[in-house]
file structure_0.txt (compact mmCIF, C-alpha atoms)
# COMPACT_ATOMS: atom_id res chain seq x y z
CA MET A 1 125.26 121.29 117.97
CA PRO A 2 125.38 121.72 114.16
CA SER A 3 128.86 121.56 112.61
CA PHE A 4 130.13 124.98 111.56
CA PRO A 5 133.17 125.39 109.26
CA HIS A 6 135.18 128.36 110.50
CA PRO A 7 136.45 130.95 107.99
CA GLY A 8 139.67 129.74 106.39
CA SER A 9 138.68 126.08 106.63
CA VAL A 10 137.14 123.84 103.96
CA THR A 11 134.69 120.96 104.34
CA VAL A 12 135.93 117.47 103.42
CA CYS A 13 133.04 115.07 104.13
CA GLU A 14 130.41 113.98 106.64
CA ILE A 15 130.95 111.05 109.01
CA ASN A 16 127.93 110.13 111.14
CA ARG A 17 126.43 113.67 111.37
CA ASP A 18 129.82 115.32 111.83
CA LEU A 19 131.05 117.51 108.97
CA ILE A 20 134.84 117.14 108.83
CA THR A 21 136.92 120.21 107.93
CA ALA A 22 140.56 120.85 107.07
CA GLU A 23 142.83 123.76 106.21
CA ASN A 24 142.73 122.77 102.53
CA LEU A 25 141.52 120.01 100.25
CA SER A 26 144.12 117.29 99.73
CA GLU A 27 144.21 113.72 98.51
CA ASP A 28 145.84 112.56 101.75
CA GLN A 29 143.05 114.15 103.81
CA ALA A 30 140.40 112.52 101.60
CA LYS A 31 142.03 109.09 101.85
CA GLU A 32 142.26 109.38 105.63
CA THR A 33 138.64 110.45 106.18
CA TYR A 34 136.48 108.66 103.60
CA GLY A 35 138.78 106.99 101.07
CA LYS A 36 139.29 103.90 103.22
CA VAL A 37 135.53 103.38 103.43
CA LEU A 38 134.56 104.06 99.80
CA GLY A 39 137.76 102.84 98.13
CA VAL A 40 137.94 105.93 95.95
CA VAL A 41 138.93 109.59 96.28
CA PHE A 42 136.91 112.24 94.46
CA SER A 43 139.48 114.88 93.58
CA PRO A 44 138.18 118.42 93.01
CA ILE A 45 137.83 119.37 89.35
CA PRO A 46 139.29 122.85 88.75
CA TYR A 47 138.04 125.29 86.17
CA GLN A 48 141.12 126.79 84.56
CA LEU A 49 139.89 128.42 81.38
CA ASP A 50 141.64 130.94 79.22
CA TYR A 51 138.55 132.09 77.35
CA PRO A 52 139.51 134.12 74.27
CA ALA A 53 138.57 137.76 74.05
CA SER A 54 135.57 138.43 71.82
CA PRO A 55 135.21 141.42 69.50
CA HIS A 56 131.44 140.99 69.90
CA PRO A 57 130.48 141.24 73.58
CA ASP A 58 126.97 139.98 72.84
CA ARG A 59 128.42 136.75 71.44
CA GLY A 60 130.87 135.92 74.20
CA VAL A 61 132.95 137.13 77.09
CA GLU A 62 134.63 140.46 76.48
CA LEU A 63 137.91 139.74 78.30
CA PRO A 64 139.94 136.59 78.98
CA VAL A 65 138.30 134.56 81.75
CA ASN A 66 140.16 132.32 84.18
CA ARG A 67 137.67 132.03 87.03
CA LEU A 68 134.50 129.97 87.19
CA SER A 69 132.36 132.62 88.84
CA ARG A 70 132.41 135.03 85.88
CA LEU A 71 132.16 132.19 83.38
CA LEU A 72 129.07 130.60 84.91
CA GLN A 73 127.37 133.97 85.11
CA ALA A 74 127.75 134.17 81.35
CA VAL A 75 126.84 130.51 80.83
CA SER A 76 123.82 130.43 83.09
CA TYR A 77 122.33 133.88 83.09
CA GLY A 78 123.50 136.28 80.41
CA PRO A 79 121.98 134.81 77.23
CA LEU A 80 118.62 134.28 78.96
CA LYS A 81 118.01 138.00 79.34
CA SER A 82 116.82 138.30 75.76
CA LEU A 83 114.12 135.70 76.46
CA LEU A 84 112.55 137.43 79.47
CA GLY A 85 110.88 140.71 80.23
CA PRO A 86 112.53 143.44 82.32
CA ASP A 87 110.74 142.27 85.49
CA ASP A 88 112.13 138.75 85.07
CA VAL A 89 115.83 139.62 84.69
CA LYS A 90 116.22 140.11 88.44
CA LEU A 91 115.09 136.51 88.95
CA LEU A 92 117.83 134.96 86.81
CA PRO A 93 120.44 134.39 89.57
CA HIS A 94 117.91 132.12 91.30
CA VAL A 95 116.95 129.95 88.31
CA ASP A 96 117.52 126.29 89.12
CA LEU A 97 119.59 125.45 86.06
CA LYS A 98 121.06 121.99 86.57
CA CYS A 99 124.63 122.45 85.41
CA VAL A 100 126.06 119.38 87.17
CA SER A 101 124.75 115.79 87.06
CA TRP A 102 125.90 112.37 88.26
CA HIS A 103 125.21 109.19 86.32
CA GLN A 104 122.65 107.15 88.27
CA LYS A 105 124.72 103.94 88.49
CA LYS A 106 128.32 104.88 87.65
CA ASP A 107 130.92 107.24 89.08
CA ILE A 108 130.66 109.62 86.13
CA LEU A 109 130.11 113.33 86.67
CA ALA A 110 129.05 115.75 83.92
CA PHE A 111 128.96 119.53 84.18
CA ILE A 112 128.77 122.55 81.92
CA PHE A 113 132.27 123.79 81.25
CA ALA A 114 131.65 126.77 78.98
CA ARG A 115 128.86 128.21 76.88
CA ASN A 116 129.14 125.45 74.27
CA GLN A 117 131.09 122.77 76.13
CA VAL A 118 130.39 119.99 78.62
CA THR A 119 132.98 118.17 80.72
CA ILE A 120 132.69 114.51 81.73
CA ARG A 121 134.85 113.15 84.56
CA ASP A 122 134.89 109.36 85.06
CA TYR A 123 136.08 108.32 88.53
CA GLY A 124 135.29 104.63 87.98
CA ASP A 125 137.24 101.79 86.34
CA SER A 126 140.54 103.09 87.71
CA GLY A 127 139.64 106.46 86.25
CA GLU A 128 141.32 108.42 89.02
CA GLY A 129 143.89 110.68 87.47
CA LYS A 130 142.42 110.56 83.97
CA ASP A 131 141.87 113.80 82.15
CA PRO A 132 138.25 114.95 81.78
CA CYS A 133 136.56 114.56 78.40
CA ILE A 134 135.18 117.66 76.65
CA LEU A 135 131.98 117.43 74.54
CA MET A 136 131.56 119.91 71.70
CA ASN A 137 129.37 120.16 68.60
CA ASP A 138 128.03 122.92 66.35
CA LEU A 139 124.51 122.02 67.51
CA GLN A 140 125.44 122.44 71.16
CA ARG A 141 125.02 126.19 71.50
CA GLU A 142 124.44 128.01 74.80
CA ALA A 143 124.39 124.86 76.96
CA LYS A 144 122.26 125.56 80.02
CA LEU A 145 121.47 122.27 81.76
CA LEU A 146 122.11 118.55 81.53
CA GLU A 147 120.83 115.23 82.82
CA TRP A 148 121.77 111.58 82.33
CA ARG A 149 119.15 109.39 80.67
CA PRO A 150 117.96 106.68 83.12
CA ASN A 151 118.38 103.00 82.25
CA ALA A 152 120.31 103.70 79.06
CA GLY A 153 123.99 103.04 79.69
CA LYS A 154 126.12 106.12 79.21
CA THR A 155 123.72 108.57 77.56
CA LEU A 156 123.73 112.28 78.43
CA SER A 157 121.24 114.98 77.41
CA VAL A 158 122.22 118.64 77.19
CA GLY A 159 119.62 121.39 76.95
CA CYS A 160 120.86 124.17 74.67
CA LYS A 161 119.68 126.71 72.13
CA GLY A 162 117.39 125.12 69.57
CA GLY A 163 116.95 121.73 71.22
CA ILE A 164 118.49 118.88 73.21
CA CYS A 165 121.83 117.27 72.35
CA ILE A 166 122.03 113.54 73.10
CA TRP A 167 125.52 112.09 73.65
CA SER A 168 126.42 108.39 74.01
CA ALA A 169 129.66 106.58 74.79
CA SER A 170 131.42 104.74 71.96
CA TYR A 171 133.83 101.83 72.40
CA PRO A 172 136.15 100.03 69.97
CA GLY A 173 133.97 97.64 68.00
CA ASN A 174 130.80 99.10 69.52
CA THR A 175 130.18 102.54 68.05
CA ALA A 176 127.13 104.45 69.24
CA CYS A 177 124.26 104.52 66.73
CA VAL A 178 123.62 107.99 65.28
CA ARG A 179 120.12 109.00 64.21
CA PRO A 180 120.01 109.78 60.45
CA GLY A 181 120.46 113.46 59.68
CA VAL A 182 122.44 114.30 62.82
CA ASN A 183 125.86 115.86 62.27
CA SER A 184 128.10 114.04 64.75
CA GLY A 185 131.34 115.23 63.19
CA SER A 186 132.45 117.30 66.19
CA GLN A 187 132.75 114.70 68.90
CA SER A 188 134.74 114.58 72.11
CA ARG A 189 138.35 115.17 73.02
CA GLY A 190 140.24 113.89 76.02
CA SER A 191 141.40 110.57 77.37
CA GLY A 192 139.31 107.45 77.89
CA VAL A 193 135.94 106.70 76.29
CA ARG A 194 134.92 108.47 73.09
CA TRP A 195 131.56 110.26 73.11
CA THR A 196 129.37 110.71 70.04
CA LEU A 197 126.47 113.08 69.42
CA VAL A 198 123.82 110.52 68.46
CA ASP A 199 120.70 112.68 68.31
CA PHE A 200 119.40 116.24 68.41
CA LEU A 201 115.81 116.76 69.57
CA ARG A 202 115.04 119.95 67.73
CA GLY A 203 112.71 122.37 69.50
CA HIS A 204 110.48 125.08 68.11
CA GLY A 205 112.52 127.63 66.18
CA ASP A 206 115.68 128.65 67.97
CA GLU A 207 114.27 128.72 71.49
CA GLN A 208 116.57 128.21 74.45
CA ILE A 209 115.89 125.00 76.40
CA SER A 210 115.72 126.12 80.03
CA ALA A 211 114.06 123.16 81.81
CA LEU A 212 114.67 119.44 81.34
CA SER A 213 113.54 116.23 83.07
CA TRP A 214 113.64 112.51 82.15
CA SER A 215 110.93 110.03 83.05
CA PRO A 216 112.40 107.42 85.44
CA ASP A 217 112.21 104.65 82.83
CA GLY A 218 114.17 106.73 80.29
CA ARG A 219 111.41 106.52 77.68
CA TYR A 220 110.35 110.17 77.73
CA VAL A 221 112.11 113.46 78.28
CA ALA A 222 110.28 116.72 79.04
CA SER A 223 111.65 120.11 78.03
CA ALA A 224 110.57 123.73 78.13
CA SER A 225 111.70 127.18 77.10
CA TYR A 226 111.07 130.52 78.78
CA ALA A 227 109.87 131.85 75.44
CA SER A 228 107.32 129.10 74.75
CA SER A 229 103.66 128.86 75.79
CA SER A 230 103.93 125.09 76.35
CA PHE A 231 106.29 122.33 77.39
CA THR A 232 107.12 119.28 75.27
CA ILE A 233 107.10 115.56 76.06
CA TRP A 234 109.52 113.73 73.78
CA ASP A 235 109.21 110.04 72.89
CA PHE A 236 112.94 109.36 72.80
CA ALA A 237 112.82 106.21 70.63
CA GLN A 238 110.77 107.98 67.97
CA GLY A 239 112.44 111.37 68.32
CA VAL A 240 108.98 112.97 68.30
CA GLY A 241 107.82 115.70 70.68
CA THR A 242 104.24 116.40 71.80
CA PRO A 243 103.53 119.94 73.06
CA ILE A 244 101.41 120.22 76.21
CA ARG A 245 99.59 123.53 75.81
CA ARG A 246 97.88 125.04 78.84
CA GLY A 247 99.08 128.63 78.80
CA LEU A 248 102.30 127.53 80.47
CA GLY A 249 104.66 130.26 79.31
CA ARG A 250 107.75 131.27 81.30
CA ILE A 251 108.35 127.80 82.78
CA SER A 252 111.39 127.72 85.07
CA LEU A 253 111.42 124.12 86.35
CA LEU A 254 110.21 120.61 85.41
CA LYS A 255 110.42 117.48 87.62
CA TRP A 256 109.16 113.97 86.85
CA SER A 257 108.23 111.86 89.90
CA PRO A 258 110.26 108.67 90.60
CA THR A 259 107.24 106.48 89.83
CA ARG A 260 106.36 108.41 86.61
CA ASP A 261 102.79 108.91 87.93
CA TYR A 262 103.15 112.64 88.52
CA PHE A 263 104.83 115.62 86.92
CA PHE A 264 105.70 119.04 88.34
CA ALA A 265 105.99 122.31 86.38
CA ALA A 266 106.78 125.71 87.93
CA LYS A 267 106.51 129.21 86.45
CA PHE A 268 108.17 132.53 87.19
CA ASP A 269 104.92 134.13 88.36
CA GLY A 270 104.77 132.07 91.58
CA THR A 271 102.36 129.44 90.25
CA PHE A 272 103.05 125.76 89.72
CA TYR A 273 101.20 122.79 88.28
CA LEU A 274 100.87 119.21 89.47
CA TRP A 275 100.06 116.79 86.66
CA GLU A 276 99.08 113.15 86.64
CA THR A 277 100.58 111.44 83.61
CA ASN A 278 97.81 108.95 82.83
CA THR A 279 95.48 111.48 81.21
CA TRP A 280 97.74 114.55 81.54
CA THR A 281 95.30 116.51 83.62
CA SER A 282 96.58 119.07 86.11
CA GLU A 283 95.87 121.19 89.18
CA LEU A 284 97.08 124.78 89.48
CA TRP A 285 98.69 125.94 92.72
CA SER A 286 99.90 129.41 93.66
CA SER A 287 102.43 130.76 96.17
CA THR A 288 102.46 133.87 98.32
CA SER A 289 106.17 133.36 99.14
CA GLY A 290 107.67 134.18 95.76
CA PHE A 291 108.39 131.86 92.86
CA VAL A 292 109.65 128.27 93.04
CA THR A 293 113.47 128.09 93.25
CA GLY A 294 113.78 124.32 93.68
CA ALA A 295 111.76 121.13 93.96
CA ALA A 296 112.57 117.51 94.81
CA TRP A 297 110.41 114.37 94.97
CA ASP A 298 110.57 111.90 97.84
CA PRO A 299 111.74 108.35 96.94
CA ASN A 300 108.17 106.99 96.77
CA GLY A 301 106.87 109.75 94.50
CA ARG A 302 103.97 110.56 96.84
CA MET A 303 105.27 113.93 98.02
CA ILE A 304 107.28 116.80 96.57
CA LEU A 305 109.38 119.26 98.57
CA ILE A 306 109.36 122.83 97.23
CA ALA A 307 111.49 125.92 97.97
CA PHE A 308 110.32 129.49 97.41
CA SER A 309 112.33 132.62 96.67
CA GLU A 310 110.99 134.77 99.52
CA SER A 311 110.83 132.22 102.33
CA LEU A 312 113.08 130.08 104.53
CA THR A 313 110.20 127.64 105.04
CA LEU A 314 109.84 124.80 102.56
CA GLY A 315 106.50 123.45 101.39
CA SER A 316 105.67 119.75 101.05
CA VAL A 317 102.77 118.71 98.82
CA HIS A 318 101.40 115.32 99.93
CA PHE A 319 99.07 113.31 97.72
CA ALA A 320 96.11 112.09 99.74
CA THR A 321 95.18 109.10 97.57
CA LYS A 322 96.77 106.90 94.93
CA PRO A 323 97.34 108.04 91.33
CA PRO A 324 95.80 109.21 89.11
CA SER A 325 94.11 111.30 91.82
CA LEU A 326 95.43 114.84 92.24
CA ASP A 327 93.94 115.32 95.70
CA ALA A 328 96.78 116.77 97.75
CA HIS A 329 97.53 119.14 100.62
CA LEU A 330 100.40 121.53 101.29
CA LEU A 331 102.27 121.45 104.62
CA PRO A 332 105.02 123.81 105.81
CA VAL A 333 108.48 122.39 106.55
CA ASP A 334 110.23 124.73 108.95
CA LEU A 335 113.99 125.24 108.98
CA PRO A 336 114.25 127.24 112.25
CA GLU A 337 118.05 127.25 112.55
CA LEU A 338 118.36 128.63 109.03
CA LYS A 339 116.15 131.53 110.01
CA SER A 340 117.90 132.28 113.30
CA LEU A 341 121.51 131.84 112.14
CA THR A 342 121.84 133.12 108.58
CA ASN A 343 119.63 136.23 108.40
CA SER A 344 118.81 135.20 104.83
CA GLY A 345 115.71 136.29 102.97
CA GLY A 346 115.02 133.13 100.98
CA ILE A 347 116.21 129.80 99.62
CA GLU A 348 118.12 129.64 96.33
CA LYS A 349 118.40 125.90 95.61
CA ILE A 350 117.69 122.53 97.20
CA ALA A 351 118.76 118.95 96.49
CA TRP A 352 117.39 115.79 98.14
CA ASP A 353 119.18 112.48 97.84
CA ALA A 354 117.31 109.44 96.46
CA THR A 355 116.98 107.74 99.87
CA GLY A 356 115.38 110.83 101.38
CA GLU A 357 117.96 110.96 104.20
CA ARG A 358 119.98 114.06 103.28
CA LEU A 359 118.79 117.48 102.14
CA ALA A 360 121.11 120.24 100.89
CA VAL A 361 119.94 123.87 100.96
CA SER A 362 121.59 127.05 99.69
CA TYR A 363 120.21 130.47 100.56
CA LYS A 364 120.60 133.99 99.25
CA ASP A 365 122.52 136.78 100.94
CA GLY A 366 122.98 135.96 104.63
CA ASN A 367 125.12 137.58 107.30
CA GLU A 368 128.89 137.87 107.21
CA VAL A 369 129.48 134.63 109.15
CA TYR A 370 127.06 132.29 107.37
CA LYS A 371 126.94 133.63 103.81
CA GLY A 372 128.02 131.35 100.94
CA LEU A 373 127.49 128.09 102.87
CA ILE A 374 125.32 125.04 102.14
CA ALA A 375 123.13 123.74 104.97
CA ILE A 376 122.94 119.94 105.31
CA TYR A 377 119.91 118.30 106.96
CA ASP A 378 119.14 114.83 108.22
CA VAL A 379 115.55 114.13 107.09
CA LYS A 380 112.98 111.85 108.74
CA ARG A 381 109.93 110.96 106.67
CA ALA A 382 106.69 109.84 108.27
CA THR A 383 103.33 111.58 108.12
CA ILE A 384 105.23 114.84 107.96
CA ILE A 385 108.77 115.79 106.92
CA THR A 386 111.13 116.48 109.83
CA PRO A 387 114.54 117.96 108.92
CA SER A 388 117.33 118.18 111.50
CA LEU A 389 120.29 120.50 110.82
CA ILE A 390 123.61 118.64 110.75
CA GLY A 391 125.74 121.64 109.84
CA PHE A 392 127.15 123.71 106.99
CA ILE A 393 129.53 123.06 104.09
CA ARG A 394 132.14 125.68 103.17
CA GLY A 395 133.79 125.63 99.76
CA PRO A 396 137.42 126.34 98.79
CA GLY A 397 138.94 129.70 97.95
CA GLU A 398 138.15 133.24 98.97
CA ASP A 399 134.48 134.11 99.52
CA PRO A 400 133.11 130.90 97.89
CA LYS A 401 129.45 130.68 96.85
CA PRO A 402 127.59 127.56 95.67
CA LEU A 403 126.35 127.99 92.10
CA THR A 404 124.76 124.58 91.58
CA PHE A 405 124.87 121.16 93.25
CA SER A 406 123.60 117.60 92.81
CA PHE A 407 123.53 114.27 94.68
CA HIS A 408 124.96 110.90 93.61
CA ASP A 409 123.19 107.96 95.24
CA LYS A 410 125.20 104.90 94.25
CA TYR A 411 127.02 104.17 97.53
CA LYS A 412 125.36 102.21 100.33
CA GLN A 413 127.45 104.13 102.89
CA GLY A 414 125.67 107.35 101.96
CA PRO A 415 125.22 109.85 99.13
CA LEU A 416 127.78 112.13 97.49
CA LEU A 417 127.08 115.84 97.10
CA SER A 418 128.88 117.62 94.26
CA VAL A 419 129.00 121.42 94.36
CA VAL A 420 130.15 123.86 91.70
CA TRP A 421 131.74 126.75 93.61
CA SER A 422 132.15 130.31 92.39
CA THR A 423 135.87 130.18 93.23
CA GLY A 424 136.74 127.80 90.42
CA SER A 425 136.23 124.14 91.26
CA CYS A 426 133.66 121.35 91.40
CA VAL A 427 134.04 119.55 94.74
CA THR A 428 132.44 116.25 95.80
CA TYR A 429 131.56 115.63 99.46
CA PRO A 430 130.79 112.06 100.62
CA LEU A 431 128.09 112.09 103.31
CA LEU A 432 128.73 108.85 105.22
CA ILE A 433 125.71 107.84 107.29
CA ARG A 434 125.92 105.56 110.33
CA SER A 435 123.02 103.31 109.32
CA HIS A 436 124.77 102.57 106.04
CA LEU A 437 128.18 101.99 107.64
CA LEU A 438 126.75 99.42 110.04
CA ALA A 439 124.64 97.63 107.40

call {"tool": "encode", "arguments": {"input": "structure_0.txt", "output": "structure tokens"}}
result
Amino acid sequence: MPSFPHPGSVTVCEINRDLITAENLSEDQAKETYGKVLGVVFSPIPYQLDYPASPHPDRGVELPVNRLSRLLQAVSYGPLKSLLGPDDVKLLPHVDLKCVSWHQKKDILAFIFARNQVTIRDYGDSGEGKDPCILMNDLQREAKLLEWRPNAGKTLSVGCKGGICIWSASYPGNTACVRPGVNSGSQSRGSGVRWTLVDFLRGHGDEQISALSWSPDGRYVASASYASSSFTIWDFAQGVGTPIRRGLGRISLLKWSPTRDYFFAAKFDGTFYLWETNTWTSELWSSTSGFVTGAAWDPNGRMILIAFSESLTLGSVHFATKPPSLDAHLLPVDLPELKSLTNSGGIEKIAWDATGERLAVSYKDGNEVYKGLIAIYDVKRATIITPSLIGFIRGPGEDPKPLTFSFHDKYKQGPLLSVVWSTGSCVTYPLLIRSHLLA
């Protein structure tokens, strides 16, 4: 039977397909359940903001804000309304803005803290107990999404209004190199490593960056804006962007494949494109189940799993031959328990860990018992994708809802899932898998 967290309880971790719950989140509980195995405890990161009142409601929050739910609504959704038509505004709560990201090889978590601020929490190098570091700069306006640059040490990209901010860690005697012309005067505050704004990839005009994806080798970064008719591929070393123009306005999501052979771009109108990156040719696909709310590549880059706004069935696009061929077929991936238990009308977000073994799914609405939970699946990959429901994760606080979440894949014992909850904290859940524990 799938694990179900009863109302009033909170999820702590997974151990061998069993989701452990407790009355509240505590360091002692974490040490007892997973701390002995991993050698580290991932303490929840609270959002305790006292946002100043603004005399200009269109420039900020009208009243003091102390809770994450209202803040992230302003961070993630409010400023985008001016970029979209009236018919698109209703779609904004389901935009897959990546507001939380783990470093690929280190225990460093980054997440959007406020409209112009990013928080970095380093759990490694005896970092437990250290204060988070806050990143701020005049160029970092209306931060919407972030992603660590692969294979580049500690380098973080932040999509914001007007372009992409690039931050790098600085150490005594080894200061990060700043690209000429970039104002790095407003750096970071907090304990530990200093962070420096080393580059700003300036977009077209003052457009809001609303989609972002790095190539797996860290050489290129793709970005898009709702207001643009194209997306841009940036050569990071040169700081030069090349627009890809194919009538691709209103892009909501970009995803580079793990092998860099393919590229995925989704639009608000229910269509999506699959590109091969050798000649940058593409195939157009369309959906009858609403627009794409999430997408994730399998570890081999030969298949992409896609969620749609008006369906509880996922789609998996399988490439029939090797790249650069775009021959592919779409297969349904049923989630029967999600349909029968939750009474939801569609999937909001998905995340798939790098090994392909765990899938996290959030869904909109739902009945009184199952609303606000995250479904966790064990995934088997062969000719077809076969997900098996393990259970549900419940967040802390009263009536919690998952706003965004992301996997960390460093640990051989299993992935970590970090969730930003509407009730005011970012919580990390280790998912300890038997095959890893016995390895």

call {"tool": "closest_residue", "arguments": {"input": "structure_0.txt", "among": "A:Pro180, A:Gly397, A:Pro336, A:Gly391", "to": "Ile15 (chain A)", "atoms": "only C-alpha atoms"}}
result
A:Gly391

call {"tool": "residues_around", "arguments": {"input": "structure_0.txt", "residues": "Asn367 (chain A)", "least_positions_apart": "5", "cutoff": "10 Å", "atoms": "all atoms listed in the file", "output": "PyMOL selection string"}}
result
chain A and resi 341-344+372

call {"tool": "residues_around", "arguments": {"input": "structure_0.txt", "residues": "Thr232 (chain A)", "least_positions_apart": "6", "cutoff": "6 Å", "atoms": "all atoms listed in the file", "output": "list in words"}}
result
Ala222, Ser223, Gly241, Thr242, Pro243 and Ile244 of chain A

call {"tool": "atom_distance", "arguments": {"input": "structure_0.txt", "atom1": "CA of Thr11 (chain A)", "atom2": "CA of Val427 (chain A)"}}
result
9.7 Å

call {"tool": "closest_atom_pairs", "arguments": {"input": "structure_0.txt", "of": "region 310-367 of chain A", "to": "region 373-388 of chain A", "cutoff": "9 Å", "atoms": "all atoms listed in the file", "output": "Markdown table"}}
result
| residue | atom | partner | partner_atom | distance |
| --- | --- | --- | --- | --- |
| A:Ser316 | CA | A:Ile385 | CA | 7.7 |
| A:His318 | CA | A:Ile384 | CA | 8.9 |
| A:Leu331 | CA | A:Ile384 | CA | 8.0 |
| A:Pro332 | CA | A:Ile385 | CA | 8.9 |
| A:Val333 | CA | A:Ile385 | CA | 6.6 |
| A:Asp334 | CA | A:Pro387 | CA | 8.0 |
| A:Leu335 | CA | A:Pro387 | CA | 7.3 |
| A:Leu338 | CA | A:Ala375 | CA | 7.9 |
| A:Gly356 | CA | A:Val379 | CA | 6.6 |
| A:Glu357 | CA | A:Val379 | CA | 4.9 |
| A:Arg358 | CA | A:Asp378 | CA | 5.1 |
| A:Leu359 | CA | A:Tyr377 | CA | 5.0 |
| A:Ala360 | CA | A:Ile376 | CA | 4.8 |
| A:Val361 | CA | A:Ala375 | CA | 5.1 |
| A:Ser362 | CA | A:Ile374 | CA | 4.9 |
| A:Tyr363 | CA | A:Ile374 | CA | 7.6 |

call {"tool": "closest_residue", "arguments": {"input": "structure_0.txt", "among": "A:Asp28, A:Glu368, A:Asp199, A:Glu283", "to": "Gln238 (chain A)", "atoms": "all atoms listed in the file"}}
result
A:Asp199

call {"tool": "closest_residue", "arguments": {"input": "structure_0.txt", "among": "A:Cys133, A:Leu201, A:Leu145, A:Leu326", "to": "Val240 (chain A)", "atoms": "all atoms listed in the file"}}
result
A:Leu201

call {"tool": "residues_around", "arguments": {"input": "structure_0.txt", "residues": "Pro299 (chain A)", "least_positions_apart": "6", "cutoff": "12 Å", "atoms": "all atoms listed in the file", "output": "list in words"}}
result
Pro216, Trp256, Ser257, Pro258, Thr259, Arg260, Leu305, Trp352, Asp353, Ala354, Thr355, Gly356, Glu357, Arg358, Arg381 and Asp409 of chain A

call {"tool": "closest_residue", "arguments": {"input": "structure_0.txt", "among": "A:Asn16, A:Trp421, A:Tyr411, A:Asp269", "to": "Gly39 (chain A)", "atoms": "all atoms listed in the file"}}
result
A:Tyr411

call {"tool": "atom_distance", "arguments": {"input": "structure_0.txt", "atom1": "CA of His103 (chain A)", "atom2": "CA of Leu431 (chain A)"}}
result
17.5 Å

call {"tool": "residues_around", "arguments": {"input": "structure_0.txt", "residues": "Leu38 (chain A)", "least_positions_apart": "5", "cutoff": "10 Å", "atoms": "all atoms listed in the file", "output": "ChimeraX atom specification"}}
result
/A:31,33,411-414,430,432

call {"tool": "residues_near_point", "arguments": {"input": "structure_0.txt", "point": "(100.7, 124.3, 90.2)", "cutoff": "8 Å", "atoms": "only C-alpha atoms", "output": "ChimeraX atom specification"}}
result
/A:264-266,271-274,282-286

call {"tool": "residues_near_point", "arguments": {"input": "structure_0.txt", "point": "(138.1, 112.5, 95.6)", "cutoff": "9 Å", "atoms": "all atoms listed in the file", "output": "list in words"}}
result
Ser26, Glu27, Ala30, Lys31, Gly35, Val40, Val41, Phe42, Ser43, Pro44, Tyr123, Glu128, Val427, Thr428, Tyr429 and Pro430 of chain A

call {"tool": "atom_distance", "arguments": {"input": "structure_0.txt", "atom1": "CA of Leu389 (chain A)", "atom2": "CA of Leu97 (chain A)"}}
result
25.3 Å

call {"tool": "closest_residue", "arguments": {"input": "structure_0.txt", "among": "A:Glu14, A:Leu19, A:Phe319, A:Arg202", "to": "Tyr34 (chain A)", "atoms": "all atoms listed in the file"}}
result
A:Glu14
